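> Encoded as structure tokens, here's the structure I'll be asking about.
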Amino acid sequence: MPKPIVNEELCIGCGTCEALCPKVFKVEDGKSHVIAEDCVDCDCAEVVSSCPVNAISLG
Ligand code: SF4
């Protein structure tokens with residue numbers, strides 16, 4: 001499974017990724033952090049396309 005990567009320079013901490021995928025993303029101190037090794041439930045495509053600043057990519 002792909003591992004999502006957050007570009008913290010771009011992230012505005014909106015929380016969309018955490019709301020969609022709380023097992024993988026956690027927003028702390030205004031930035032989203034990847035807390036899982038891999039995407040577990042899906043391929044993260046919805047989360048990637050839902051980020052308003054395109055800060056999420058897949059490794
Ligand atoms: S959806 Fe994008 S901008 Fe919003 S918290 Fe997640 S990575 Fe940051």
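Just remember, in the structure tokens the first chain shown is A, the second B, etc., residues are 1-based per chain, and ligands are 1-based in the order shown.
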DSSP on the backbone: what in chain A comes out strand (DSSP E or B), as an MDAnalysis selection string?
chainID A and resid 4:6 25:28 31:34 56:58
> Could you list, as a short mmCIF file (atom, residue, chain, number, x, y, z; two decimals) with N, CA and C atoms, in the first residue's frame, all protein and nucleic acid residues with an atom at most 9 Å from ligand 1, counting only C-alpha atoms and all ligand atoms?

data_model
loop_
_atom_site.label_atom_id
_atom_site.label_comp_id
_atom_site.auth_asym_id
_atom_site.auth_seq_id
_atom_site.Cartn_x
_atom_site.Cartn_y
_atom_site.Cartn_z
N ILE A 5 2.47 11.15 2.15
CA ILE A 5 3.46 12.11 2.62
C ILE A 5 2.81 13.49 2.63
N VAL A 6 2.95 14.21 3.74
CA VAL A 6 2.42 15.56 3.83
C VAL A 6 3.56 16.56 3.67
N ASN A 7 3.38 17.49 2.77
CA ASN A 7 4.32 18.60 2.64
C ASN A 7 3.93 19.66 3.67
N GLU A 8 4.69 19.75 4.75
CA GLU A 8 4.31 20.64 5.85
C GLU A 8 4.44 22.11 5.48
N LEU A 10 3.25 23.32 2.80
CA LEU A 10 1.99 23.66 2.14
C LEU A 10 0.79 23.50 3.06
N CYS A 11 0.84 22.55 3.98
CA CYS A 11 -0.31 22.22 4.83
C CYS A 11 -0.77 23.42 5.64
N ILE A 12 -2.09 23.66 5.64
CA ILE A 12 -2.66 24.76 6.40
C ILE A 12 -3.44 24.26 7.62
N GLY A 13 -3.36 22.95 7.88
CA GLY A 13 -3.97 22.40 9.08
C GLY A 13 -5.48 22.40 9.09
N CYS A 14 -6.09 22.27 7.93
CA CYS A 14 -7.55 22.38 7.84
C CYS A 14 -8.27 21.19 8.47
N GLY A 15 -7.60 20.04 8.57
CA GLY A 15 -8.19 18.87 9.21
C GLY A 15 -8.97 17.96 8.29
N THR A 16 -9.05 18.29 7.02
CA THR A 16 -9.81 17.43 6.10
C THR A 16 -9.24 16.02 6.04
N CYS A 17 -7.95 15.91 5.96
CA CYS A 17 -7.34 14.57 5.84
C CYS A 17 -7.60 13.75 7.10
N GLU A 18 -7.51 14.39 8.26
CA GLU A 18 -7.76 13.67 9.51
C GLU A 18 -9.23 13.24 9.59
N ALA A 19 -10.13 14.11 9.15
CA ALA A 19 -11.56 13.76 9.18
C ALA A 19 -11.85 12.58 8.27
N LEU A 20 -11.20 12.53 7.10
CA LEU A 20 -11.44 11.45 6.16
C LEU A 20 -10.73 10.17 6.57
N PHE A 25 -3.85 10.17 9.39
CA PHE A 25 -3.45 11.57 9.55
C PHE A 25 -3.86 12.10 10.91
N LYS A 26 -2.97 12.88 11.51
CA LYS A 26 -3.31 13.58 12.75
C LYS A 26 -2.80 15.01 12.65
N VAL A 27 -3.71 15.96 12.88
CA VAL A 27 -3.31 17.37 12.84
C VAL A 27 -2.89 17.79 14.24
N GLY A 30 -1.16 22.69 14.11
CA GLY A 30 -1.49 23.34 12.85
C GLY A 30 -0.99 22.66 11.61
N LYS A 31 -0.40 21.47 11.77
CA LYS A 31 0.09 20.74 10.60
C LYS A 31 -0.37 19.29 10.70
N SER A 32 -0.58 18.68 9.54
CA SER A 32 -0.97 17.28 9.51
C SER A 32 0.27 16.39 9.53
N HIS A 33 0.19 15.34 10.32
CA HIS A 33 1.29 14.38 10.41
C HIS A 33 0.78 12.99 10.05
N VAL A 47 -8.32 11.26 -0.18
CA VAL A 47 -7.69 12.22 0.72
C VAL A 47 -6.75 13.13 -0.07
N VAL A 48 -5.98 12.52 -0.96
CA VAL A 48 -5.04 13.32 -1.77
C VAL A 48 -5.80 14.38 -2.56
N SER A 49 -6.92 13.99 -3.16
CA SER A 49 -7.64 14.96 -3.99
C SER A 49 -8.48 15.92 -3.16
N SER A 50 -8.70 15.62 -1.87
CA SER A 50 -9.50 16.51 -1.04
C SER A 50 -8.69 17.58 -0.34
N CYS A 51 -7.39 17.46 -0.30
CA CYS A 51 -6.57 18.47 0.36
C CYS A 51 -6.64 19.77 -0.43
N PRO A 52 -7.06 20.87 0.22
CA PRO A 52 -7.28 22.11 -0.53
C PRO A 52 -6.01 22.75 -1.08
N VAL A 53 -4.88 22.37 -0.53
CA VAL A 53 -3.62 22.98 -1.00
C VAL A 53 -2.69 21.95 -1.65
N ASN A 54 -3.25 20.78 -1.94
CA ASN A 54 -2.45 19.72 -2.59
C ASN A 54 -1.16 19.41 -1.86
N ALA A 55 -1.28 19.29 -0.54
CA ALA A 55 -0.08 19.04 0.26
C ALA A 55 0.23 17.55 0.43
N ILE A 56 -0.68 16.69 -0.01
CA ILE A 56 -0.49 15.25 0.23
C ILE A 56 -0.08 14.56 -1.06
#
> Please list as a list in words every residue within 9 Å of Val24 (chain A), counting only C-alpha atoms and excluding residues in the same chain fewer than 4 positions away.
Pro4, Cys17, Glu18, His33, Val34, Ile35, Ala36, Glu37, Asp38, Cys39 and Val40 of chain A
> Looking only at alpha helix (DSSP H) from DSSP on the backbone, list the matching residues of chain A as a list in words.
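Assigned to alpha helix (DSSP H), within chain A: Thr16, Cys17, Glu18, Ala19, Leu20, Ala45, Glu46, Val47, Val48, Ser49 and Ser50 of chain A.
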> Let's have the selection written as a short mmCIF file (atom, residue, chain, number, x, y, z; two decimals), in the first residue's frame, with N, CA, C and O atoms.

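Listing of result_28.cif after writing:
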data_model
loop_
_atom_site.label_atom_id
_atom_site.label_comp_id
_atom_site.auth_asym_id
_atom_site.auth_seq_id
_atom_site.Cartn_x
_atom_site.Cartn_y
_atom_site.Cartn_z
N THR A 16 -9.05 18.29 7.02
CA THR A 16 -9.81 17.43 6.10
C THR A 16 -9.24 16.02 6.04
O THR A 16 -9.98 15.05 6.08
N CYS A 17 -7.95 15.91 5.96
CA CYS A 17 -7.34 14.57 5.84
C CYS A 17 -7.60 13.75 7.10
O CYS A 17 -7.89 12.56 7.03
N GLU A 18 -7.51 14.39 8.26
CA GLU A 18 -7.76 13.67 9.51
C GLU A 18 -9.23 13.24 9.59
O GLU A 18 -9.53 12.13 10.04
N ALA A 19 -10.13 14.11 9.15
CA ALA A 19 -11.56 13.76 9.18
C ALA A 19 -11.85 12.58 8.27
O ALA A 19 -12.65 11.70 8.61
N LEU A 20 -11.20 12.53 7.10
CA LEU A 20 -11.44 11.45 6.16
C LEU A 20 -10.73 10.17 6.57
O LEU A 20 -11.20 9.07 6.32
N ALA A 45 -6.54 7.95 -2.35
CA ALA A 45 -6.77 8.85 -3.48
C ALA A 45 -7.77 9.95 -3.12
O ALA A 45 -7.59 11.11 -3.51
N GLU A 46 -8.81 9.60 -2.35
CA GLU A 46 -9.80 10.61 -1.99
C GLU A 46 -9.17 11.68 -1.11
O GLU A 46 -9.43 12.87 -1.25
N VAL A 47 -8.32 11.26 -0.18
CA VAL A 47 -7.69 12.22 0.72
C VAL A 47 -6.75 13.13 -0.07
O VAL A 47 -6.74 14.35 0.11
N VAL A 48 -5.98 12.52 -0.96
CA VAL A 48 -5.04 13.32 -1.77
C VAL A 48 -5.80 14.38 -2.56
O VAL A 48 -5.41 15.55 -2.58
N SER A 49 -6.92 13.99 -3.16
CA SER A 49 -7.64 14.96 -3.99
C SER A 49 -8.48 15.92 -3.16
O SER A 49 -8.92 16.94 -3.67
N SER A 50 -8.70 15.62 -1.87
CA SER A 50 -9.50 16.51 -1.04
C SER A 50 -8.69 17.58 -0.34
O SER A 50 -9.25 18.53 0.21
#
